[in-house]
file protein35.pdb (PDB, C-alpha atoms and all ligand atoms)
ATOM      1  CA  MET D   1      17.836  -9.538  -4.135
ATOM      2  CA  PHE D   2      16.124  -6.201  -4.613
ATOM      3  CA  GLU D   3      17.668  -2.857  -3.854
ATOM      4  CA  TYR D   4      14.369  -0.958  -3.735
ATOM      5  CA  PHE D   5      10.774  -1.865  -3.107
ATOM      6  CA  ASP D   6       7.672  -0.020  -4.298
ATOM      7  CA  ILE D   7       5.069  -1.372  -1.896
ATOM      8  CA  HIS D   8       2.070  -0.030  -3.842
ATOM      9  CA  SER D   9       1.651   0.280  -7.611
ATOM     10  CA  HIS D  10      -0.882  -0.527 -10.322
ATOM     11  CA  ILE D  11       1.114  -1.794 -13.271
ATOM     12  CA  ASP D  12      -1.964  -3.727 -14.421
ATOM     13  CA  PHE D  13      -3.738  -0.430 -15.237
ATOM     14  CA  PRO D  14      -4.385   0.443 -18.923
ATOM     15  CA  ASP D  15      -1.722   3.197 -18.763
ATOM     16  CA  PHE D  16       0.841   0.404 -19.181
ATOM     17  CA  ASP D  17      -0.948  -1.507 -21.955
ATOM     18  CA  LEU D  18       1.427  -0.367 -24.692
ATOM     19  CA  ASP D  19       4.733  -1.202 -22.997
ATOM     20  CA  ARG D  20       3.987  -3.191 -19.826
ATOM     21  CA  GLU D  21       6.454  -6.032 -20.473
ATOM     22  CA  GLU D  22       9.269  -3.643 -21.455
ATOM     23  CA  GLU D  23       8.610  -1.505 -18.377
ATOM     24  CA  ILE D  24       8.741  -4.585 -16.134
ATOM     25  CA  VAL D  25      12.131  -5.475 -17.648
ATOM     26  CA  ARG D  26      13.392  -1.943 -16.890
ATOM     27  CA  ILE D  27      12.087  -2.221 -13.318
ATOM     28  CA  LYS D  28      13.859  -5.535 -12.876
ATOM     29  CA  GLU D  29      17.121  -4.153 -14.285
ATOM     30  CA  LYS D  30      17.067  -1.476 -11.591
ATOM     31  CA  LYS D  31      16.591  -4.231  -8.954
ATOM     32  CA  ILE D  32      13.192  -2.902  -7.948
ATOM     33  CA  GLY D  33      10.424  -5.108  -6.577
ATOM     34  CA  THR D  34       6.800  -3.984  -6.438
ATOM     35  CA  THR D  35       3.381  -5.096  -5.280
ATOM     36  CA  THR D  36       0.620  -4.746  -7.861
ATOM     37  CA  VAL D  37      -2.428  -3.785  -5.848
ATOM     38  CA  GLY D  38      -5.870  -4.940  -6.944
ATOM     39  CA  VAL D  39      -8.852  -2.624  -6.589
ATOM     40  CA  GLY D  40     -11.575  -5.130  -7.522
ATOM     41  CA  PHE D  41     -11.937  -8.731  -8.651
ATOM     42  CA  ASP D  42     -10.705  -8.230 -12.234
ATOM     43  CA  SER D  43      -7.647  -6.220 -11.325
ATOM     44  CA  CYS D  44      -6.817  -8.715  -8.550
ATOM     45  CA  GLN D  45      -6.742 -11.468 -11.155
ATOM     46  CA  ARG D  46      -4.510  -9.362 -13.381
ATOM     47  CA  ALA D  47      -2.200  -8.598 -10.450
ATOM     48  CA  ILE D  48      -1.815 -12.317  -9.702
ATOM     49  CA  ALA D  49      -1.156 -13.198 -13.355
ATOM     50  CA  LEU D  50       1.615 -10.585 -13.514
ATOM     51  CA  ALA D  51       3.112 -11.741 -10.211
ATOM     52  CA  GLU D  52       3.141 -15.361 -11.376
ATOM     53  CA  LYS D  53       4.994 -14.373 -14.541
ATOM     54  CA  HIS D  54       7.629 -12.063 -13.038
ATOM     55  CA  ASP D  55       9.949 -12.738 -10.079
ATOM     56  CA  ASN D  56      10.098  -9.109  -8.961
ATOM     57  CA  LEU D  57       6.312  -8.590  -8.938
ATOM     58  CA  PHE D  58       3.959  -9.527  -6.093
ATOM     59  CA  ALA D  59       0.199  -9.177  -5.758
ATOM     60  CA  CYS D  60      -2.204  -7.670  -3.253
ATOM     61  CA  VAL D  61      -5.901  -8.563  -3.448
ATOM     62  CA  GLY D  62      -8.926  -6.732  -2.101
ATOM     63  CA  GLU D  63     -11.745  -4.346  -2.862
ATOM     64  CA  HIS D  64     -11.086  -0.607  -2.930
ATOM     65  CA  PRO D  65     -13.437   1.245  -0.536
ATOM     66  CA  GLY D  66     -14.071   3.991  -3.086
ATOM     67  CA  ASP D  67     -15.750   1.540  -5.444
ATOM     68  CA  PHE D  68     -18.604   0.359  -3.252
ATOM     69  CA  ASP D  69     -22.248   1.135  -3.548
ATOM     70  CA  LEU D  70     -25.114   0.138  -1.279
ATOM     71  CA  ASN D  71     -25.558  -3.197  -3.031
ATOM     72  CA  SER D  72     -21.946  -4.148  -2.714
ATOM     73  CA  VAL D  73     -21.043  -7.336  -0.887
ATOM     74  CA  PHE D  74     -17.576  -8.565  -0.073
ATOM     75  CA  ASP D  75     -16.573 -10.774  -2.923
ATOM     76  CA  GLU D  76     -16.281 -14.400  -1.748
ATOM     77  CA  ARG D  77     -14.024 -15.155  -4.697
ATOM     78  CA  LEU D  78     -11.339 -13.001  -3.088
ATOM     79  CA  LEU D  79     -10.924 -15.671  -0.427
ATOM     80  CA  GLU D  80      -9.554 -18.065  -3.027
ATOM     81  CA  LEU D  81      -7.300 -15.443  -4.601
ATOM     82  CA  ALA D  82      -5.909 -14.490  -1.200
ATOM     83  CA  LYS D  83      -4.452 -17.980  -0.757
ATOM     84  CA  ASN D  84      -2.243 -17.670  -3.849
ATOM     85  CA  PRO D  85       1.434 -17.867  -2.772
ATOM     86  CA  LYS D  86       2.360 -14.698  -4.661
ATOM     87  CA  VAL D  87      -0.363 -12.728  -2.906
ATOM     88  CA  VAL D  88       1.518 -10.957  -0.132
ATOM     89  CA  SER D  89      -1.127  -8.615   1.298
ATOM     90  CA  ILE D  90      -4.846  -7.834   1.433
ATOM     91  CA  GLY D  91      -6.156  -4.573  -0.070
ATOM     92  CA  GLU D  92      -6.568  -1.997  -1.032
ATOM     93  CA  THR D  93      -9.030  -1.874   1.748
ATOM     94  CA  GLY D  94     -10.143   0.737   4.258
ATOM     95  CA  LEU D  95     -12.482   3.704   4.268
ATOM     96  CA  ASP D  96     -12.863   6.429   1.652
ATOM     97  CA  TYR D  97     -15.207   9.299   2.490
ATOM     98  CA  TYR D  98     -13.786  11.714  -0.065
ATOM     99  CA  ARG D  99     -16.600  11.374  -2.578
ATOM    100  CA  LEU D 100     -19.395  10.616  -0.102
ATOM    101  CA  LYS D 101     -21.992  13.215   0.617
ATOM    102  CA  SER D 102     -21.914  14.176   4.298
ATOM    103  CA  LYS D 103     -25.229  12.450   5.112
ATOM    104  CA  ASP D 104     -24.243   9.172   3.479
ATOM    105  CA  GLU D 105     -24.174   7.252   6.775
ATOM    106  CA  ASN D 106     -25.483   4.081   5.138
ATOM    107  CA  LEU D 107     -22.644   3.942   2.675
ATOM    108  CA  LYS D 108     -20.153   4.473   5.497
ATOM    109  CA  LYS D 109     -21.688   1.487   7.267
ATOM    110  CA  VAL D 110     -21.280  -0.651   4.147
ATOM    111  CA  GLN D 111     -17.654   0.428   3.794
ATOM    112  CA  LYS D 112     -16.989  -0.435   7.437
ATOM    113  CA  LYS D 113     -18.566  -3.873   7.096
ATOM    114  CA  ILE D 114     -16.527  -4.709   4.023
ATOM    115  CA  PHE D 115     -13.388  -3.340   5.659
ATOM    116  CA  GLU D 116     -13.984  -5.621   8.658
ATOM    117  CA  SER D 117     -14.453  -8.658   6.439
ATOM    118  CA  GLN D 118     -11.128  -7.913   4.731
ATOM    119  CA  ILE D 119      -9.437  -7.545   8.137
ATOM    120  CA  ASP D 120     -10.835 -10.992   9.011
ATOM    121  CA  LEU D 121      -9.446 -12.302   5.722
ATOM    122  CA  SER D 122      -6.030 -10.762   6.452
ATOM    123  CA  LEU D 123      -5.944 -12.462   9.854
ATOM    124  CA  SER D 124      -7.115 -15.812   8.499
ATOM    125  CA  VAL D 125      -4.455 -16.002   5.757
ATOM    126  CA  SER D 126      -1.770 -14.206   7.845
ATOM    127  CA  LYS D 127      -1.089 -11.562   5.206
ATOM    128  CA  PRO D 128      -0.878  -7.864   6.160
ATOM    129  CA  LEU D 129      -3.416  -5.229   5.162
ATOM    130  CA  MET D 130      -2.761  -2.613   2.499
ATOM    131  CA  LEU D 131      -4.832   0.288   3.771
ATOM    132  CA  HIS D 132      -6.465   2.961   1.668
ATOM    133  CA  VAL D 133      -7.919   5.671   3.900
ATOM    134  CA  ARG D 134      -9.123   9.036   2.659
ATOM    135  CA  GLY D 135     -11.163  11.482   4.676
ATOM    136  CA  SER D 136     -13.833  13.853   3.418
ATOM    137  CA  LYS D 137     -12.402  17.152   2.238
ATOM    138  CA  GLY D 138     -10.157  18.776   4.842
ATOM    139  CA  SER D 139     -11.066  16.134   7.456
ATOM    140  CA  GLN D 140      -9.414  13.152   9.151
ATOM    141  CA  ASP D 141     -12.825  11.508   9.699
ATOM    142  CA  ALA D 142     -12.086   8.310   7.756
ATOM    143  CA  TYR D 143      -8.773   7.909   9.574
ATOM    144  CA  TYR D 144     -10.506   8.172  12.964
ATOM    145  CA  ASP D 145     -13.128   5.606  11.966
ATOM    146  CA  ALA D 146     -10.547   3.230  10.455
ATOM    147  CA  LEU D 147      -8.342   3.483  13.548
ATOM    148  CA  GLU D 148     -11.263   2.804  15.851
ATOM    149  CA  ILE D 149     -11.879  -0.465  13.982
ATOM    150  CA  LEU D 150      -8.177  -1.383  13.801
ATOM    151  CA  GLU D 151      -7.524  -0.582  17.475
ATOM    152  CA  HIS D 152     -10.429  -2.826  18.409
ATOM    153  CA  TYR D 153      -8.950  -5.681  16.329
ATOM    154  CA  HIS D 154      -5.529  -4.979  17.819
ATOM    155  CA  SER D 155      -6.946  -5.369  21.317
ATOM    156  CA  THR D 156      -8.203  -8.856  20.473
ATOM    157  CA  SER D 157      -5.638 -10.096  17.912
ATOM    158  CA  GLY D 158      -2.513  -8.236  19.061
ATOM    159  CA  ASP D 159       0.496  -8.343  16.734
ATOM    160  CA  LYS D 160      -1.200 -10.835  14.421
ATOM    161  CA  LEU D 161      -2.902  -7.770  12.972
ATOM    162  CA  LYS D 162      -0.443  -6.201  10.536
ATOM    163  CA  GLY D 163      -0.597  -3.619   7.809
ATOM    164  CA  ASN D 164       0.666  -0.593   5.960
ATOM    165  CA  ALA D 165      -1.191   2.709   5.540
ATOM    166  CA  HIS D 166      -0.660   3.483   1.861
ATOM    167  CA  PHE D 167      -0.413   7.109   0.589
ATOM    168  CA  PHE D 168      -0.314   8.248   4.182
ATOM    169  CA  ALA D 169      -2.066  11.612   4.556
ATOM    170  CA  GLY D 170      -3.086  11.587   8.199
ATOM    171  CA  ASP D 171      -1.931  14.107  10.792
ATOM    172  CA  MET D 172       0.624  13.579  13.572
ATOM    173  CA  ASP D 173      -1.945  12.160  16.000
ATOM    174  CA  VAL D 174      -3.148   9.639  13.400
ATOM    175  CA  LEU D 175       0.458   8.675  12.621
ATOM    176  CA  LYS D 176       1.170   7.989  16.294
ATOM    177  CA  ARG D 177      -1.904   5.782  16.573
ATOM    178  CA  PHE D 178      -0.843   3.700  13.557
ATOM    179  CA  ILE D 179       2.658   3.251  14.941
ATOM    180  CA  ALA D 180       1.212   2.267  18.321
ATOM    181  CA  ILE D 181      -0.567  -0.716  16.751
ATOM    182  CA  GLY D 182       2.534  -1.679  14.752
ATOM    183  CA  PHE D 183       1.345  -0.442  11.345
ATOM    184  CA  THR D 184       3.845   0.999   8.885
ATOM    185  CA  VAL D 185       3.134   4.027   6.680
ATOM    186  CA  SER D 186       4.212   4.568   3.075
ATOM    187  CA  PHE D 187       4.778   7.816   1.213
ATOM    188  CA  THR D 188       4.498   8.558  -2.499
ATOM    189  CA  GLY D 189       6.141  10.916  -4.981
ATOM    190  CA  VAL D 190       3.922  13.708  -3.627
ATOM    191  CA  ILE D 191       6.668  14.338  -1.056
ATOM    192  CA  THR D 192       8.951  15.564  -3.852
ATOM    193  CA  PHE D 193       6.732  18.559  -4.605
ATOM    194  CA  THR D 194       5.119  19.560  -1.285
ATOM    195  CA  ASN D 195       6.514  20.051   2.217
ATOM    196  CA  ASP D 196       3.233  18.959   3.821
ATOM    197  CA  TYR D 197       4.626  15.540   4.796
ATOM    198  CA  ASP D 198       8.054  16.608   6.068
ATOM    199  CA  GLU D 199       7.226  16.611   9.775
ATOM    200  CA  LEU D 200       5.520  13.207   9.517
ATOM    201  CA  ILE D 201       8.480  11.725   7.645
ATOM    202  CA  LYS D 202      10.924  13.071  10.229
ATOM    203  CA  TYR D 203       8.821  11.775  13.122
ATOM    204  CA  THR D 204       8.192   8.227  11.826
ATOM    205  CA  PRO D 205      10.750   5.720  13.173
ATOM    206  CA  LEU D 206      13.035   4.617  10.343
ATOM    207  CA  ASP D 207      11.930   1.014  10.806
ATOM    208  CA  MET D 208       8.253   1.911  10.185
ATOM    209  CA  ILE D 209       8.478   3.744   6.816
ATOM    210  CA  MET D 210       7.998   2.338   3.328
ATOM    211  CA  SER D 211       8.408   3.784  -0.141
ATOM    212  CA  GLU D 212       5.737   3.570  -2.822
ATOM    213  CA  THR D 213       4.774   5.172  -6.135
ATOM    214  CA  ASP D 214       1.030   4.455  -6.532
ATOM    215  CA  ALA D 215       1.926   4.365 -10.247
ATOM    216  CA  PRO D 216       0.462   5.343 -12.698
ATOM    217  CA  PHE D 217      -0.639   8.228 -10.440
ATOM    218  CA  VAL D 218       1.333  11.147  -8.932
ATOM    219  CA  ALA D 219       4.736  10.942 -10.615
ATOM    220  CA  PRO D 220       7.520  12.519  -8.533
ATOM    221  CA  VAL D 221       9.806  15.369  -9.580
ATOM    222  CA  PRO D 222      11.497  15.298 -12.161
ATOM    223  CA  HIS D 223       8.835  13.189 -13.902
ATOM    224  CA  ARG D 224       5.872  15.180 -12.614
ATOM    225  CA  GLY D 225       2.915  15.365 -14.977
ATOM    226  CA  GLY D 226       3.876  12.183 -16.841
ATOM    227  CA  ARG D 227       2.956   8.557 -16.197
ATOM    228  CA  ASN D 228       4.328   7.363 -12.914
ATOM    229  CA  SER D 229       6.191   4.035 -12.719
ATOM    230  CA  PRO D 230       7.703   1.815 -10.011
ATOM    231  CA  LEU D 231      11.025   2.902 -11.599
ATOM    232  CA  TYR D 232      10.618   6.259  -9.876
ATOM    233  CA  VAL D 233      10.477   4.772  -6.383
ATOM    234  CA  ILE D 234      14.170   5.682  -6.266
ATOM    235  CA  GLU D 235      13.168   9.396  -6.250
ATOM    236  CA  VAL D 236      10.893   8.740  -3.263
ATOM    237  CA  VAL D 237      13.663   6.996  -1.309
ATOM    238  CA  LYS D 238      16.075   9.859  -2.098
ATOM    239  CA  LYS D 239      13.575  12.424  -0.867
ATOM    240  CA  ILE D 240      12.841  10.533   2.375
ATOM    241  CA  ALA D 241      16.608  10.490   3.084
ATOM    242  CA  GLU D 242      16.884  14.202   2.278
ATOM    243  CA  ILE D 243      13.943  15.194   4.517
ATOM    244  CA  ARG D 244      15.259  13.082   7.405
ATOM    245  CA  ASN D 245      18.801  14.321   6.827
ATOM    246  CA  GLU D 246      20.131  10.774   6.921
ATOM    247  CA  PRO D 247      22.575   9.065   4.522
ATOM    248  CA  PHE D 248      20.887   7.754   1.375
ATOM    249  CA  ASP D 249      22.377   4.255   1.701
ATOM    250  CA  VAL D 250      21.215   3.910   5.302
ATOM    251  CA  VAL D 251      17.648   4.900   4.399
ATOM    252  CA  LYS D 252      17.613   2.753   1.260
ATOM    253  CA  THR D 253      18.681  -0.347   3.207
ATOM    254  CA  ALA D 254      16.275   0.353   6.070
ATOM    255  CA  LEU D 255      13.254   0.794   3.765
ATOM    256  CA  LEU D 256      13.992  -2.471   1.990
ATOM    257  CA  ASN D 257      14.440  -4.318   5.284
ATOM    258  CA  ASN D 258      11.113  -2.906   6.483
ATOM    259  CA  VAL D 259       9.348  -4.576   3.558
ATOM    260  CA  LEU D 260      11.071  -7.892   4.239
ATOM    261  CA  ARG D 261      10.228  -7.747   7.944
ATOM    262  CA  HIS D 262       6.630  -6.551   7.728
ATOM    263  CA  PHE D 263       5.666  -8.577   4.624
ATOM    264  CA  PRO D 264       6.963 -12.072   5.436
ATOM    265  CA  GLN D 265       5.719 -13.630   2.183
ATOM    266  CA  ILE D 266       7.881 -11.245   0.153
ATOM    267  CA  SER D 267      10.899 -12.149   2.247
ATOM    268  CA  ALA D 268      10.241 -15.897   1.934
ATOM    269  CA  ILE D 269       9.814 -15.756  -1.855
ATOM    270  CA  ALA D 270      12.778 -13.431  -2.408
ATOM    271  CA  SER D 271      15.168 -15.531  -0.367
ATOM    272  CA  SER D 272      14.123 -18.789  -2.014
ATOM    273  CA  SER D 273      14.454 -17.492  -5.591
ATOM    274  CA  SER D 274      17.354 -16.100  -7.584
ATOM    275  CA  LEU D 275      16.311 -12.502  -6.896
TER     276      LEU D 275
HETATM  277 ZN    ZN D 301      -3.485   2.526  -5.149
END

call {"tool": "encode", "arguments": {"input": "protein35.pdb", "output": "structure tokens"}}
result
Amino acid sequence: MFEYFDIHSHIDFPDFDLDREEEIVRIKEKKIGTTTVGVGFDSCQRAIALAEKHDNLFACVGEHPGDFDLNSVFDERLLELAKNPKVVSIGETGLDYYRLKSKDENLKKVQKKIFESQIDLSLSVSKPLMLHVRGSKGSQDAYYDALEILEHYHSTSGDKLKGNAHFFAGDMDVLKRFIAIGFTVSFTGVITFTNDYDELIKYTPLDMIMSETDAPFVAPVPHRGGRNSPLYVIEVVKKIAEIRNEPFDVVKTALLNNVLRHFPQISAIASSSSL
């Protein structure tokens, strides 16, 4: 069984082309599991191929909201990929207003439509959502819009609607709304070099937090500036324990159990294999 879980990484990205297999061996040696998160059709296929080859890797399939344009349509082929047994979640999906110009209402509508179709997919295959939500500069606007959609689904589907808000960067009010609909939040290595997330991390119930790296991006201290890797998820877990002022072993065990409880496919695969 794993000791750590990095719920969100991109080990299929070109940054790992030179030593991907060796890095996966190192990750496995440290008893770390990770979900390779697709951002479009090609990377979803790569994520599945990696997950099928390695016991400690899982896949997440979806279309990243930052990659859409007005002609974008939800890719029907994702429906097939989503049924793969090693696909454990749907995403990254959500709303990303960071690069939109303020008057881009049409593009917001397209993002919302595609987000809704991926929520439908998540419900139909019973696999939780991996949310990517990023507001326009200095704003929580995308979080408010995403929550409005999710709260609506929650009112009709109840606890069947499940998910994790990756790279959580909402405020306290947004955090409370996610917890109220049963969504977990995950934090990255950013928490090792800014105090901005401390209050959120202290407030979140221990059974609703996950650890992630978003590798190859945002490597934590002491690896800051270099390529990030699922290996460094240990630094994230350490920092969450430090900020919460709770024993490392307690936090480590709780974060792993959160993954197994909120992502049932991971739990089923892990307990039926030699992991
Ligand atoms: Zn990502």

call {"tool": "residues_near_ligand", "arguments": {"input": "protein35.pdb", "ligand": "ligand ZN 301 (chain D)", "cutoff": "8 Å", "atoms": "all atoms listed in the file", "output": "PyMOL selection string"}}
result
chain D and resi 8-10+37+39+92+132+166-167+214-215

call {"tool": "write_last_selection", "arguments": {"input": "protein35.pdb", "atoms": "C-alpha atoms", "output": "PDB file, keeping the file's coordinate frame"}}
result
ATOM      1  CA  HIS D   8       2.070  -0.030  -3.842  1.00  0.00           C
ATOM      2  CA  SER D   9       1.651   0.280  -7.611  1.00  0.00           C
ATOM      3  CA  HIS D  10      -0.882  -0.527 -10.322  1.00  0.00           C
ATOM      4  CA  VAL D  37      -2.428  -3.785  -5.848  1.00  0.00           C
ATOM      5  CA  VAL D  39      -8.852  -2.624  -6.589  1.00  0.00           C
ATOM      6  CA  GLU D  92      -6.568  -1.997  -1.032  1.00  0.00           C
ATOM      7  CA  HIS D 132      -6.465   2.961   1.668  1.00  0.00           C
ATOM      8  CA  HIS D 166      -0.660   3.483   1.861  1.00  0.00           C
ATOM      9  CA  PHE D 167      -0.413   7.109   0.589  1.00  0.00           C
ATOM     10  CA  ASP D 214       1.030   4.455  -6.532  1.00  0.00           C
ATOM     11  CA  ALA D 215       1.926   4.365 -10.247  1.00  0.00           C
TER      12      ALA D 215
END

call {"tool": "resolve_selection", "arguments": {"input": "protein35.pdb", "expression": "the PyMOL selection byres (((chain D and resi 148) around 12) and not hetatm)", "output": "list in words"}}
result
Gly94, Leu95, Lys112, Glu116, Asp141, Ala142, Tyr143, Tyr144, Asp145, Ala146, Leu147, Ile149, Leu150, Glu151, His152, Tyr153, His154, Ser155, Val174, Arg177, Phe178 and Ile181 of chain D

call {"tool": "resolve_selection", "arguments": {"input": "protein35.pdb", "expression": "the PyMOL selection byres (((chain D and resi 83) around 12) and not hetatm)", "output": "VMD selection string"}}
result
chain D and resid 48 59 to 61 77 to 82 84 to 90 121 to 122 124 to 127 265

call {"tool": "residues_around", "arguments": {"input": "protein35.pdb", "residues": "D:Tyr203", "least_positions_apart": "2", "cutoff": "10 Å", "atoms": "all atoms listed in the file", "output": "PDB file with C-alpha atoms, in the coordinates of the input"}}
result
ATOM      1  CA  MET D 172       0.624  13.579  13.572  1.00  0.00           C
ATOM      2  CA  LEU D 175       0.458   8.675  12.621  1.00  0.00           C
ATOM      3  CA  LYS D 176       1.170   7.989  16.294  1.00  0.00           C
ATOM      4  CA  ASP D 198       8.054  16.608   6.068  1.00  0.00           C
ATOM      5  CA  GLU D 199       7.226  16.611   9.775  1.00  0.00           C
ATOM      6  CA  LEU D 200       5.520  13.207   9.517  1.00  0.00           C
ATOM      7  CA  ILE D 201       8.480  11.725   7.645  1.00  0.00           C
ATOM      8  CA  PRO D 205      10.750   5.720  13.173  1.00  0.00           C
ATOM      9  CA  LEU D 206      13.035   4.617  10.343  1.00  0.00           C
ATOM     10  CA  ARG D 244      15.259  13.082   7.405  1.00  0.00           C
TER      11      ARG D 244
END

call {"tool": "closest_residue", "arguments": {"input": "protein35.pdb", "among": "D:Gly163, D:Gly33, D:Pro230, D:Gly135", "to": "D:Leu57", "atoms": "only C-alpha atoms"}}
result
D:Gly33

call {"tool": "resolve_selection", "arguments": {"input": "protein35.pdb", "expression": "the PyMOL selection byres (((chain D and resi 238) around 12) and not hetatm)", "output": "count of residues only"}}
result
31
